[in-house]
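Printed here is data_24.cif (mmCIF, C-alpha atoms (C1' of nucleotides)):
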```
data_coords
loop_
_atom_site.group_PDB
_atom_site.id
_atom_site.type_symbol
_atom_site.label_atom_id
_atom_site.label_comp_id
_atom_site.auth_asym_id
_atom_site.auth_seq_id
_atom_site.Cartn_x
_atom_site.Cartn_y
_atom_site.Cartn_z
ATOM 1 C CA MET A 794 -7.714 -21.946 -73.560
ATOM 2 C CA LYS A 795 -8.724 -22.810 -77.084
ATOM 3 C CA ASP A 796 -7.640 -20.295 -79.617
ATOM 4 C CA ILE A 797 -9.930 -18.815 -82.221
ATOM 5 C CA ILE A 798 -7.312 -19.563 -84.850
ATOM 6 C CA LYS A 799 -8.635 -21.948 -87.434
ATOM 7 C CA GLN A 800 -7.068 -25.352 -86.871
ATOM 8 C CA GLU A 801 -5.581 -27.420 -89.640
ATOM 9 C CA PRO A 802 -7.829 -30.393 -90.174
ATOM 10 C CA THR A 803 -6.456 -33.710 -88.948
ATOM 11 C CA CYS A 804 -6.005 -36.572 -91.367
ATOM 12 C CA GLU A 805 -9.198 -38.142 -90.085
ATOM 13 C CA GLN A 806 -11.105 -34.914 -90.574
ATOM 14 C CA GLU A 807 -9.765 -34.694 -94.094
ATOM 15 C CA LEU A 808 -11.040 -38.164 -94.903
ATOM 16 C CA ILE A 809 -14.419 -37.269 -93.429
ATOM 17 C CA ALA A 810 -14.481 -34.114 -95.542
ATOM 18 C CA ILE A 811 -13.826 -36.151 -98.686
ATOM 19 C CA LYS A 812 -16.590 -38.525 -97.670
ATOM 20 C CA ASP A 813 -18.981 -35.602 -97.181
ATOM 21 C CA SER A 814 -18.101 -34.164 -100.567
ATOM 22 C CA LEU A 815 -18.556 -37.459 -102.342
ATOM 23 C CA GLU A 816 -21.938 -37.995 -100.729
ATOM 24 C CA ILE A 817 -23.151 -34.828 -102.416
ATOM 25 C CA LEU A 818 -21.054 -34.724 -105.585
ATOM 26 C CA GLY A 819 -20.150 -38.381 -106.093
ATOM 27 C CA GLY A 820 -21.410 -40.719 -108.790
ATOM 28 C CA LYS A 821 -21.208 -40.709 -112.521
ATOM 29 C CA TRP A 822 -23.092 -37.567 -113.407
ATOM 30 C CA LYS A 823 -23.264 -34.764 -110.845
ATOM 31 C CA LEU A 824 -19.852 -33.237 -111.431
ATOM 32 C CA ARG A 825 -20.324 -33.429 -115.172
ATOM 33 C CA ILE A 826 -23.654 -31.634 -114.901
ATOM 34 C CA MET A 827 -22.154 -29.011 -112.607
ATOM 35 C CA ARG A 828 -19.304 -28.377 -114.998
ATOM 36 C CA HIS A 829 -21.681 -28.081 -117.904
ATOM 37 C CA LEU A 830 -23.848 -25.549 -116.082
ATOM 38 C CA ASN A 831 -20.749 -23.622 -115.079
ATOM 39 C CA ASN A 832 -19.511 -23.547 -118.656
ATOM 40 C CA HIS A 833 -22.881 -22.303 -119.897
ATOM 41 C CA VAL A 834 -23.762 -19.998 -117.072
ATOM 42 C CA ALA A 835 -25.090 -17.226 -119.309
ATOM 43 C CA GLU A 836 -27.343 -19.509 -121.297
ATOM 44 C CA ASN A 837 -30.774 -20.942 -120.962
ATOM 45 C CA ASN A 838 -30.091 -24.510 -119.912
ATOM 46 C CA THR A 839 -33.228 -26.424 -120.635
ATOM 47 C CA PHE A 840 -33.705 -30.056 -119.750
ATOM 48 C CA LYS A 841 -33.334 -31.271 -123.330
ATOM 49 C CA LYS A 842 -30.331 -29.080 -123.958
ATOM 50 C CA ILE A 843 -28.515 -30.466 -120.935
ATOM 51 C CA GLN A 844 -29.460 -33.978 -121.943
ATOM 52 C CA ARG A 845 -28.036 -33.467 -125.401
ATOM 53 C CA GLU A 846 -24.808 -31.948 -124.168
ATOM 54 C CA VAL A 847 -24.020 -34.156 -121.199
ATOM 55 C CA GLU A 848 -23.428 -37.144 -123.384
ATOM 56 C CA GLY A 849 -24.952 -40.443 -122.488
ATOM 57 C CA ILE A 850 -27.279 -39.395 -119.707
ATOM 58 C CA SER A 851 -30.860 -40.642 -119.796
ATOM 59 C CA ALA A 852 -33.903 -38.531 -118.954
ATOM 60 C CA LYS A 853 -34.453 -40.495 -115.799
ATOM 61 C CA MET A 854 -30.949 -40.001 -114.456
ATOM 62 C CA LEU A 855 -30.826 -36.350 -115.435
ATOM 63 C CA SER A 856 -34.107 -35.736 -113.703
ATOM 64 C CA LYS A 857 -32.923 -37.468 -110.552
ATOM 65 C CA GLU A 858 -29.499 -35.852 -110.463
ATOM 66 C CA LEU A 859 -30.922 -32.373 -110.999
ATOM 67 C CA GLN A 860 -33.327 -32.937 -108.124
ATOM 68 C CA ASP A 861 -30.454 -33.992 -105.869
ATOM 69 C CA LEU A 862 -28.426 -30.943 -106.843
ATOM 70 C CA GLU A 863 -31.425 -28.685 -106.260
ATOM 71 C CA THR A 864 -31.929 -30.203 -102.812
ATOM 72 C CA ASN A 865 -28.349 -29.301 -101.952
ATOM 73 C CA LEU A 866 -28.823 -25.745 -103.215
ATOM 74 C CA LEU A 867 -26.286 -26.136 -105.997
ATOM 75 C CA VAL A 868 -28.785 -25.652 -108.815
ATOM 76 C CA THR A 869 -32.064 -23.821 -109.340
ATOM 77 C CA ARG A 870 -34.992 -24.924 -111.439
ATOM 78 C CA THR A 871 -37.096 -22.260 -113.109
ATOM 79 C CA VAL A 872 -40.217 -22.836 -115.175
ATOM 80 C CA MET A 873 -40.269 -20.251 -117.937
ATOM 81 C CA ASN A 874 -43.535 -18.907 -119.296
ATOM 82 C CA THR A 875 -42.674 -19.669 -122.868
ATOM 83 C CA ARG A 876 -44.890 -21.645 -125.157
ATOM 84 C CA PRO A 877 -44.440 -24.477 -124.960
ATOM 85 C CA VAL A 878 -43.273 -24.333 -121.373
ATOM 86 C CA THR A 879 -39.540 -24.755 -120.962
ATOM 87 C CA VAL A 880 -37.623 -25.290 -117.760
ATOM 88 C CA SER A 881 -34.324 -23.612 -117.152
ATOM 89 C CA TYR A 882 -31.673 -24.968 -114.824
ATOM 90 C CA ALA A 883 -28.970 -22.707 -113.471
ATOM 91 C CA ILE A 884 -26.023 -23.084 -111.179
ATOM 92 C CA THR A 885 -26.372 -21.106 -107.951
ATOM 93 C CA GLU A 886 -23.799 -18.763 -106.483
ATOM 94 C CA TYR A 887 -23.011 -21.527 -103.999
ATOM 95 C CA GLY A 888 -22.869 -24.042 -106.833
ATOM 96 C CA THR A 889 -19.946 -22.183 -108.340
ATOM 97 C CA SER A 890 -17.925 -23.280 -105.295
ATOM 98 C CA VAL A 891 -17.746 -26.683 -106.945
ATOM 99 C CA PHE A 892 -15.692 -25.244 -109.796
ATOM 100 C CA PRO A 893 -12.259 -25.981 -108.257
ATOM 101 C CA VAL A 894 -13.247 -29.612 -107.855
ATOM 102 C CA THR A 895 -14.267 -30.030 -111.474
ATOM 103 C CA GLU A 896 -11.240 -28.053 -112.582
ATOM 104 C CA THR A 897 -8.766 -30.379 -110.863
ATOM 105 C CA LEU A 898 -10.613 -33.368 -112.293
ATOM 106 C CA VAL A 899 -10.474 -31.892 -115.793
ATOM 107 C CA GLN A 900 -6.755 -31.254 -115.429
ATOM 108 C CA TRP A 901 -6.075 -34.693 -114.011
ATOM 109 C CA GLY A 902 -8.104 -36.379 -116.734
ATOM 110 C CA LEU A 903 -6.341 -34.483 -119.525
ATOM 111 C CA ASN A 904 -2.965 -35.211 -118.001
ATOM 112 C CA HIS A 905 -3.780 -38.872 -117.543
ATOM 113 C CA ARG A 906 -4.841 -39.204 -121.150
ATOM 114 C CA GLU A 907 -1.503 -37.708 -122.205
ATOM 115 C CA LYS A 908 0.318 -40.074 -119.910
ATOM 116 C CA ILE A 909 -1.209 -43.318 -121.077
ATOM 117 C CA LYS A 910 -0.862 -42.254 -124.722
ATOM 118 C CA VAL A 911 2.884 -42.830 -124.412
ATOM 119 C CA MET B 1178 -1.063 -25.103 -140.316
ATOM 120 C CA LYS B 1179 -1.899 -26.320 -136.841
ATOM 121 C CA ASP B 1180 0.066 -24.598 -134.180
ATOM 122 C CA ILE B 1181 2.029 -26.380 -131.509
ATOM 123 C CA ILE B 1182 0.394 -24.148 -128.935
ATOM 124 C CA LYS B 1183 -1.642 -26.175 -126.485
ATOM 125 C CA GLN B 1184 -5.308 -25.638 -127.154
ATOM 126 C CA GLU B 1185 -7.818 -24.874 -124.463
ATOM 127 C CA PRO B 1186 -10.035 -27.919 -124.115
ATOM 128 C CA THR B 1187 -13.554 -27.512 -125.417
ATOM 129 C CA CYS B 1188 -16.497 -27.973 -123.086
ATOM 130 C CA GLU B 1189 -17.060 -31.436 -124.492
ATOM 131 C CA GLN B 1190 -13.427 -32.354 -123.940
ATOM 132 C CA GLU B 1191 -13.691 -31.134 -120.389
ATOM 133 C CA LEU B 1192 -16.673 -33.355 -119.729
ATOM 134 C CA ILE B 1193 -14.825 -36.292 -121.244
ATOM 135 C CA ALA B 1194 -11.822 -35.524 -119.036
ATOM 136 C CA ILE B 1195 -14.038 -35.565 -115.943
ATOM 137 C CA LYS B 1196 -15.494 -38.861 -117.096
ATOM 138 C CA ASP B 1197 -11.995 -40.306 -117.561
ATOM 139 C CA SER B 1198 -10.954 -39.169 -114.091
ATOM 140 C CA LEU B 1199 -14.016 -40.601 -112.447
ATOM 141 C CA GLU B 1200 -13.531 -43.934 -114.149
ATOM 142 C CA ILE B 1201 -10.185 -44.251 -112.400
ATOM 143 C CA LEU B 1202 -10.760 -42.321 -109.187
ATOM 144 C CA GLY B 1203 -14.525 -42.553 -108.741
ATOM 145 C CA GLY B 1204 -16.467 -44.532 -106.192
ATOM 146 C CA LYS B 1205 -16.651 -44.412 -102.461
ATOM 147 C CA TRP B 1206 -13.096 -45.309 -101.520
ATOM 148 C CA LYS B 1207 -10.303 -44.592 -103.983
ATOM 149 C CA LEU B 1208 -9.818 -40.912 -103.269
ATOM 150 C CA ARG B 1209 -9.944 -41.544 -99.548
ATOM 151 C CA ILE B 1210 -7.280 -44.220 -99.852
ATOM 152 C CA MET B 1211 -5.134 -41.961 -102.011
ATOM 153 C CA ARG B 1212 -5.395 -39.126 -99.546
ATOM 154 C CA HIS B 1213 -4.509 -41.422 -96.695
ATOM 155 C CA LEU B 1214 -1.423 -42.722 -98.472
ATOM 156 C CA ASN B 1215 -0.434 -39.178 -99.344
ATOM 157 C CA ASN B 1216 -0.802 -38.073 -95.740
ATOM 158 C CA HIS B 1217 1.311 -41.012 -94.535
ATOM 159 C CA VAL B 1218 3.840 -41.108 -97.296
ATOM 160 C CA ALA B 1219 6.817 -41.666 -94.990
ATOM 161 C CA GLU B 1220 5.198 -44.556 -93.141
ATOM 162 C CA ASN B 1221 4.805 -48.238 -93.616
ATOM 163 C CA ASN B 1222 1.235 -48.560 -94.779
ATOM 164 C CA THR B 1223 0.248 -52.145 -94.207
ATOM 165 C CA PHE B 1224 -3.085 -53.566 -95.239
ATOM 166 C CA LYS B 1225 -4.449 -53.682 -91.717
ATOM 167 C CA LYS B 1226 -3.203 -50.206 -90.905
ATOM 168 C CA ILE B 1227 -4.954 -48.741 -93.924
ATOM 169 C CA GLN B 1228 -8.080 -50.661 -93.071
ATOM 170 C CA ARG B 1229 -8.082 -49.262 -89.548
ATOM 171 C CA GLU B 1230 -7.491 -45.700 -90.645
ATOM 172 C CA VAL B 1231 -9.754 -45.471 -93.664
ATOM 173 C CA GLU B 1232 -12.836 -45.832 -91.556
ATOM 174 C CA GLY B 1233 -15.563 -48.178 -92.610
ATOM 175 C CA ILE B 1234 -13.818 -49.988 -95.444
ATOM 176 C CA SER B 1235 -14.034 -53.767 -95.539
ATOM 177 C CA ALA B 1236 -11.157 -56.093 -96.371
ATOM 178 C CA LYS B 1237 -12.837 -57.018 -99.614
ATOM 179 C CA MET B 1238 -13.232 -53.468 -100.826
ATOM 180 C CA LEU B 1239 -9.780 -52.400 -99.690
ATOM 181 C CA SER B 1240 -8.241 -55.338 -101.495
ATOM 182 C CA LYS B 1241 -10.136 -54.586 -104.681
ATOM 183 C CA GLU B 1242 -9.528 -50.850 -104.620
ATOM 184 C CA LEU B 1243 -5.803 -51.267 -103.991
ATOM 185 C CA GLN B 1244 -5.589 -53.638 -106.945
ATOM 186 C CA ASP B 1245 -7.360 -51.102 -109.158
ATOM 187 C CA LEU B 1246 -5.038 -48.323 -108.012
ATOM 188 C CA GLU B 1247 -2.020 -50.527 -108.608
ATOM 189 C CA THR B 1248 -3.236 -51.324 -112.117
ATOM 190 C CA ASN B 1249 -3.366 -47.611 -112.836
ATOM 191 C CA LEU B 1250 0.146 -47.089 -111.466
ATOM 192 C CA LEU B 1251 -1.017 -44.876 -108.633
ATOM 193 C CA VAL B 1252 0.067 -47.236 -105.861
ATOM 194 C CA THR B 1253 2.729 -49.887 -105.351
ATOM 195 C CA ARG B 1254 2.426 -53.091 -103.377
ATOM 196 C CA THR B 1255 5.512 -54.445 -101.635
ATOM 197 C CA VAL B 1256 5.727 -57.674 -99.681
ATOM 198 C CA MET B 1257 8.120 -57.114 -96.783
ATOM 199 C CA ASN B 1258 10.237 -59.948 -95.452
ATOM 200 C CA THR B 1259 9.097 -59.443 -91.890
ATOM 201 C CA ARG B 1260 7.651 -62.203 -89.727
ATOM 202 C CA PRO B 1261 4.822 -62.536 -90.090
ATOM 203 C CA VAL B 1262 4.856 -61.256 -93.629
ATOM 204 C CA THR B 1263 3.462 -57.754 -93.986
ATOM 205 C CA VAL B 1264 2.575 -55.927 -97.159
ATOM 206 C CA SER B 1265 3.307 -52.284 -97.605
ATOM 207 C CA TYR B 1266 1.375 -50.024 -99.913
ATOM 208 C CA ALA B 1267 2.818 -46.760 -101.103
ATOM 209 C CA ILE B 1268 1.689 -43.945 -103.332
ATOM 210 C CA THR B 1269 3.742 -43.605 -106.506
ATOM 211 C CA GLU B 1270 5.277 -40.420 -107.827
ATOM 212 C CA TYR B 1271 2.495 -40.359 -110.386
ATOM 213 C CA GLY B 1272 -0.016 -41.039 -107.625
ATOM 214 C CA THR B 1273 0.851 -37.767 -105.990
ATOM 215 C CA SER B 1274 -0.665 -36.034 -109.018
ATOM 216 C CA VAL B 1275 -4.033 -36.889 -107.484
ATOM 217 C CA PHE B 1276 -3.324 -34.602 -104.539
ATOM 218 C CA PRO B 1277 -4.955 -31.478 -106.018
ATOM 219 C CA VAL B 1278 -8.148 -33.448 -106.551
ATOM 220 C CA THR B 1279 -8.344 -34.655 -102.972
ATOM 221 C CA GLU B 1280 -7.336 -31.225 -101.740
ATOM 222 C CA THR B 1281 -10.232 -29.460 -103.461
ATOM 223 C CA LEU B 1282 -12.603 -32.124 -102.181
ATOM 224 C CA VAL B 1283 -11.309 -31.674 -98.635
ATOM 225 C CA GLN B 1284 -11.766 -27.922 -98.889
ATOM 226 C CA TRP B 1285 -15.217 -28.209 -100.389
ATOM 227 C CA GLY B 1286 -16.308 -30.726 -97.773
ATOM 228 C CA LEU B 1287 -15.061 -28.584 -94.896
ATOM 229 C CA ASN B 1288 -16.689 -25.503 -96.357
ATOM 230 C CA HIS B 1289 -19.957 -27.310 -96.962
ATOM 231 C CA ARG B 1290 -20.035 -28.547 -93.383
ATOM 232 C CA GLU B 1291 -19.596 -24.960 -92.205
ATOM 233 C CA LYS B 1292 -22.329 -23.805 -94.519
ATOM 234 C CA ILE B 1293 -25.029 -26.255 -93.504
ATOM 235 C CA LYS B 1294 -24.203 -25.730 -89.824
ATOM 236 C CA VAL B 1295 -25.830 -22.293 -90.040
ATOM 237 C "C1'" DG C 172 -2.240 -77.302 -78.886
ATOM 238 C "C1'" DT C 173 -4.765 -73.125 -79.033
ATOM 239 C "C1'" DA C 174 -5.656 -68.619 -79.929
ATOM 240 C "C1'" DA C 175 -4.639 -64.323 -82.270
ATOM 241 C "C1'" DC C 176 -2.723 -61.504 -86.055
ATOM 242 C "C1'" DC C 177 -1.459 -60.747 -90.979
ATOM 243 C "C1'" DG C 178 -3.268 -60.411 -95.740
ATOM 244 C "C1'" DG C 179 -6.179 -61.541 -98.008
ATOM 245 C "C1'" DT C 180 -10.208 -64.638 -101.009
ATOM 246 C "C1'" DT C 181 -14.732 -66.453 -101.673
ATOM 247 C "C1'" DA C 182 -19.699 -66.838 -101.741
ATOM 248 C "C1'" DC C 183 -23.860 -64.717 -100.923
ATOM 249 C "C1'" DC C 184 -26.702 -60.962 -100.547
ATOM 250 C "C1'" DT C 185 -28.520 -56.031 -100.674
ATOM 251 C "C1'" DT C 186 -28.348 -51.482 -102.354
ATOM 252 C "C1'" DT C 187 -27.400 -48.282 -105.664
ATOM 253 C "C1'" DT C 188 -27.073 -47.051 -110.191
ATOM 254 C "C1'" DG C 189 -28.404 -47.170 -114.660
ATOM 255 C "C1'" DT C 190 -31.003 -48.668 -119.061
ATOM 256 C "C1'" DT C 191 -34.999 -49.111 -121.954
ATOM 257 C "C1'" DA C 192 -39.437 -48.327 -123.329
ATOM 258 C "C1'" DA C 193 -43.933 -46.695 -122.649
ATOM 259 C "C1'" DC C 194 -46.628 -43.061 -121.369
ATOM 260 C "C1'" DC C 195 -48.495 -38.325 -119.718
ATOM 261 C "C1'" DG C 196 -50.443 -33.476 -120.734
ATOM 262 C "C1'" DA C 197 -49.519 -29.455 -122.980
ATOM 263 C "C1'" DT C 198 -48.318 -26.706 -127.336
ATOM 264 C "C1'" DG C 199 -47.219 -25.865 -132.068
ATOM 265 C "C1'" DA C 200 -46.674 -26.974 -136.970
ATOM 266 C "C1'" DT C 201 -48.785 -29.214 -141.273
ATOM 267 C "C1'" DA D 766 -56.668 -34.578 -137.325
ATOM 268 C "C1'" DT D 767 -51.860 -35.955 -136.857
ATOM 269 C "C1'" DC D 768 -47.489 -35.695 -135.567
ATOM 270 C "C1'" DA D 769 -43.462 -33.748 -133.183
ATOM 271 C "C1'" DT D 770 -41.400 -31.280 -129.208
ATOM 272 C "C1'" DC D 771 -40.887 -30.115 -124.258
ATOM 273 C "C1'" DG D 772 -40.333 -31.918 -119.588
ATOM 274 C "C1'" DG D 773 -40.707 -35.117 -117.500
ATOM 275 C "C1'" DT D 774 -42.695 -39.910 -114.737
ATOM 276 C "C1'" DT D 775 -43.312 -44.768 -114.317
ATOM 277 C "C1'" DA D 776 -42.422 -49.707 -114.564
ATOM 278 C "C1'" DA D 777 -39.502 -53.465 -115.363
ATOM 279 C "C1'" DC D 778 -35.274 -54.926 -115.502
ATOM 280 C "C1'" DA D 779 -29.964 -55.493 -115.593
ATOM 281 C "C1'" DA D 780 -25.538 -54.331 -114.016
ATOM 282 C "C1'" DA D 781 -22.353 -52.409 -110.838
ATOM 283 C "C1'" DA D 782 -20.981 -51.361 -106.325
ATOM 284 C "C1'" DG D 783 -20.724 -52.487 -101.822
ATOM 285 C "C1'" DG D 784 -21.504 -55.104 -97.329
ATOM 286 C "C1'" DT D 785 -21.224 -59.472 -94.367
ATOM 287 C "C1'" DA D 786 -19.453 -63.517 -92.897
ATOM 288 C "C1'" DA D 787 -16.844 -67.545 -93.391
ATOM 289 C "C1'" DC D 788 -12.663 -69.228 -94.466
ATOM 290 C "C1'" DC D 789 -7.568 -69.838 -95.982
ATOM 291 C "C1'" DG D 790 -2.425 -70.595 -94.930
ATOM 292 C "C1'" DG D 791 1.258 -68.962 -92.365
ATOM 293 C "C1'" DT D 792 3.353 -67.110 -87.954
ATOM 294 C "C1'" DT D 793 3.878 -65.901 -83.360
ATOM 295 C "C1'" DA D 794 2.700 -65.907 -78.367
ATOM 296 C "C1'" DC D 795 1.004 -68.495 -74.574
#
```

Would you put the structure from the file into structure tokens?
Amino acid sequence: MKDIIKQEPTCEQELIAIKDSLEILGGKWKLRIMRHLNNHVAENNTFKKIQREVEGISAKMLSKELQDLETNLLVTRTVMNTRPVTVSYAITEYGTSVFPVTETLVQWGLNHREKIKV
Amino acid sequence: MKDIIKQEPTCEQELIAIKDSLEILGGKWKLRIMRHLNNHVAENNTFKKIQREVEGISAKMLSKELQDLETNLLVTRTVMNTRPVTVSYAITEYGTSVFPVTETLVQWGLNHREKIKV
DNA sequence: GTAACCGGTTACCTTTTGTTAACCGATGAT
DNA sequence: ATCATCGGTTAACAAAAGGTAACCGGTTAC
């Protein structure tokens, strides 16, 4: 007699959902990269450009994080036929679903900075 | 001639804000603990109870994470004069400001699970 | 007295994360 | 010919995060 109505998640399911999210988006860099790509969605985001603008990230980490994001279909990697060859990274349609997450983190971070200033 | 109007944060400021947030809320456990305390705000959240309900966390990690959260004024620790002594952890007023963050992560996690099921 | 529960701490270890520096082949600029 | 730029990879290493197990004092139940 189960209804088709979507059930509210239980508390346990919520904690599992957070765990799932953090497995894909957790760590120091992924959400920052996602936000950057979202903020520059119309541009040509080459490897070096991302590395310059996501402050502090090393080539090795950027390479690894972009691969992870590509694996989870959040980002695409496109080799451009320019000379010299450049590679362009772009957020996918699905990747834009991460926006609310980064947005709440931005807001919380700004608010927290205000708070501790006092 | 600066206006008092609140400025939109620049892209760089946004990335810094995310970094700030993750320094306080990042890692495997903090957001899960915060969500749990938020979901059980009316209850007596003892150490053991939290440990049972935030699945997989060890005493060591729970102890450390709760201390970190307390330091950042997101959680309070209260020793109850029960016998044997129990300790009750509660989310602070300020701690509830983290709710939007956990909420977007819950939603994203649930949605992602749906997506990869297909 | 013995065992179990509460709320942890400590030491030891592994895994993950991250850094630095060197190096690669290709292209383009001098 | 030489050097710089792009887009990385690799190796060696250090630091941070996390897990496991033993242990602590105190209390209560048997």

Given a cut-off of 8 Å, which residues of chain A touch chain C, counting all atoms listed in the file, written out as an mmCIF file with C-alpha atoms, in the frame of the given file?
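Result file follows (selection.cif):
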```cif
data_model
loop_
_atom_site.group_PDB
_atom_site.id
_atom_site.type_symbol
_atom_site.label_atom_id
_atom_site.label_comp_id
_atom_site.auth_asym_id
_atom_site.auth_seq_id
_atom_site.Cartn_x
_atom_site.Cartn_y
_atom_site.Cartn_z
ATOM 1 C CA MET A 854 -30.949 -40.001 -114.456
ATOM 2 C CA ARG A 876 -44.890 -21.645 -125.157
ATOM 3 C CA PRO A 877 -44.440 -24.477 -124.960
#
```

I'd like the superposed copy of chain B - fitted to chain A by least squares over all paired Cα atoms - as a short mmCIF file (atom, residue, chain, number, x, y, z; two decimals) with C-alpha atoms, in the coordinates of the input.
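Final output, saved to out.cif:
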```
data_model
loop_
_atom_site.label_atom_id
_atom_site.label_comp_id
_atom_site.auth_asym_id
_atom_site.auth_seq_id
_atom_site.Cartn_x
_atom_site.Cartn_y
_atom_site.Cartn_z
CA MET B 1178 -8.07 -21.69 -73.66
CA LYS B 1179 -8.91 -22.71 -77.19
CA ASP B 1180 -7.75 -20.24 -79.74
CA ILE B 1181 -9.95 -18.77 -82.41
CA ILE B 1182 -7.28 -19.62 -84.96
CA LYS B 1183 -8.59 -22.05 -87.53
CA GLN B 1184 -7.06 -25.44 -86.94
CA GLU B 1185 -5.55 -27.54 -89.67
CA PRO B 1186 -7.84 -30.51 -90.18
CA THR B 1187 -6.49 -33.81 -88.96
CA CYS B 1188 -6.04 -36.68 -91.39
CA GLU B 1189 -9.24 -38.25 -90.11
CA GLN B 1190 -11.13 -35.00 -90.60
CA GLU B 1191 -9.80 -34.79 -94.11
CA LEU B 1192 -11.07 -38.25 -94.93
CA ILE B 1193 -14.45 -37.35 -93.46
CA ALA B 1194 -14.50 -34.18 -95.56
CA ILE B 1195 -13.84 -36.21 -98.71
CA LYS B 1196 -16.62 -38.57 -97.71
CA ASP B 1197 -19.00 -35.64 -97.20
CA SER B 1198 -18.12 -34.20 -100.60
CA LEU B 1199 -18.59 -37.48 -102.37
CA GLU B 1200 -21.97 -38.01 -100.77
CA ILE B 1201 -23.17 -34.83 -102.44
CA LEU B 1202 -21.08 -34.72 -105.60
CA GLY B 1203 -20.23 -38.38 -106.15
CA GLY B 1204 -21.52 -40.71 -108.82
CA LYS B 1205 -21.26 -40.72 -112.55
CA TRP B 1206 -23.10 -37.53 -113.42
CA LYS B 1207 -23.26 -34.74 -110.86
CA LEU B 1208 -19.85 -33.21 -111.44
CA ARG B 1209 -20.33 -33.38 -115.18
CA ILE B 1210 -23.65 -31.59 -114.89
CA MET B 1211 -22.14 -28.97 -112.60
CA ARG B 1212 -19.29 -28.34 -114.98
CA HIS B 1213 -21.67 -28.03 -117.88
CA LEU B 1214 -23.83 -25.50 -116.06
CA ASN B 1215 -20.73 -23.59 -115.05
CA ASN B 1216 -19.48 -23.50 -118.62
CA HIS B 1217 -22.87 -22.26 -119.87
CA VAL B 1218 -23.74 -19.96 -117.04
CA ALA B 1219 -25.06 -17.18 -119.28
CA GLU B 1220 -27.33 -19.48 -121.27
CA ASN B 1221 -30.76 -20.91 -120.93
CA ASN B 1222 -30.09 -24.46 -119.88
CA THR B 1223 -33.24 -26.40 -120.60
CA PHE B 1224 -33.69 -30.03 -119.70
CA LYS B 1225 -33.33 -31.24 -123.26
CA LYS B 1226 -30.32 -29.04 -123.92
CA ILE B 1227 -28.50 -30.42 -120.91
CA GLN B 1228 -29.44 -33.92 -121.91
CA ARG B 1229 -28.01 -33.41 -125.38
CA GLU B 1230 -24.79 -31.88 -124.15
CA VAL B 1231 -24.00 -34.09 -121.19
CA GLU B 1232 -23.43 -37.07 -123.39
CA GLY B 1233 -24.93 -40.39 -122.49
CA ILE B 1234 -27.23 -39.32 -119.67
CA SER B 1235 -30.80 -40.59 -119.71
CA ALA B 1236 -33.86 -38.52 -118.88
CA LYS B 1237 -34.35 -40.51 -115.71
CA MET B 1238 -30.87 -39.93 -114.39
CA LEU B 1239 -30.79 -36.28 -115.40
CA SER B 1240 -34.08 -35.69 -113.65
CA LYS B 1241 -32.91 -37.41 -110.50
CA GLU B 1242 -29.49 -35.78 -110.42
CA LEU B 1243 -30.93 -32.30 -110.96
CA GLN B 1244 -33.34 -32.86 -108.08
CA ASP B 1245 -30.46 -33.93 -105.83
CA LEU B 1246 -28.42 -30.88 -106.82
CA GLU B 1247 -31.40 -28.63 -106.22
CA THR B 1248 -31.91 -30.14 -102.77
CA ASN B 1249 -28.33 -29.25 -101.93
CA LEU B 1250 -28.78 -25.68 -103.19
CA LEU B 1251 -26.26 -26.08 -105.97
CA VAL B 1252 -28.76 -25.60 -108.79
CA THR B 1253 -32.05 -23.78 -109.32
CA ARG B 1254 -34.98 -24.90 -111.41
CA THR B 1255 -37.11 -22.26 -113.11
CA VAL B 1256 -40.22 -22.89 -115.17
CA MET B 1257 -40.29 -20.33 -117.98
CA ASN B 1258 -43.57 -19.05 -119.34
CA THR B 1259 -42.68 -19.88 -122.92
CA ARG B 1260 -44.86 -21.96 -125.21
CA PRO B 1261 -44.39 -24.78 -124.94
CA VAL B 1262 -43.26 -24.52 -121.36
CA THR B 1263 -39.52 -24.88 -120.92
CA VAL B 1264 -37.59 -25.33 -117.71
CA SER B 1265 -34.32 -23.62 -117.12
CA TYR B 1266 -31.66 -24.92 -114.79
CA ALA B 1267 -28.97 -22.66 -113.46
CA ILE B 1268 -26.00 -23.03 -111.17
CA THR B 1269 -26.34 -21.08 -107.93
CA GLU B 1270 -23.75 -18.76 -106.46
CA TYR B 1271 -22.97 -21.50 -103.98
CA GLY B 1272 -22.84 -24.00 -106.82
CA THR B 1273 -19.91 -22.19 -108.32
CA SER B 1274 -17.89 -23.27 -105.28
CA VAL B 1275 -17.72 -26.68 -106.94
CA PHE B 1276 -15.66 -25.26 -109.78
CA PRO B 1277 -12.24 -25.99 -108.24
CA VAL B 1278 -13.24 -29.63 -107.86
CA THR B 1279 -14.26 -30.03 -111.48
CA GLU B 1280 -11.22 -28.05 -112.57
CA THR B 1281 -8.75 -30.40 -110.87
CA LEU B 1282 -10.61 -33.37 -112.31
CA VAL B 1283 -10.45 -31.88 -115.80
CA GLN B 1284 -6.73 -31.27 -115.43
CA TRP B 1285 -6.07 -34.72 -114.04
CA GLY B 1286 -8.11 -36.38 -116.76
CA LEU B 1287 -6.34 -34.48 -119.53
CA ASN B 1288 -2.96 -35.22 -118.01
CA HIS B 1289 -3.79 -38.89 -117.56
CA ARG B 1290 -4.86 -39.18 -121.18
CA GLU B 1291 -1.52 -37.71 -122.22
CA LYS B 1292 0.30 -40.09 -119.94
CA ILE B 1293 -1.26 -43.33 -121.11
CA LYS B 1294 -0.90 -42.26 -124.75
CA VAL B 1295 2.85 -42.86 -124.46
#
```

Could you state which residues are captured by the PyMOL selection byres ((chain D) within 12 of (chain B)) in this file, as a ChimeraX atom specification? /D:781-786,790-793

Residues near range 1263-1266 of chain B, cut-off 8 Å, only C-alpha atoms (C1' of nucleotides), skip fewer than 3 positions along chain, as a list in words: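 Non-adjacent residues within range: Leu1214, Asn1221, Asn1222, Thr1223, Phe1224, Val1252, Thr1253, Arg1254, Thr1255, Val1256, Met1257, Asn1258, Thr1259 and Arg1260 of chain B; DC177 and DG178 of chain C.
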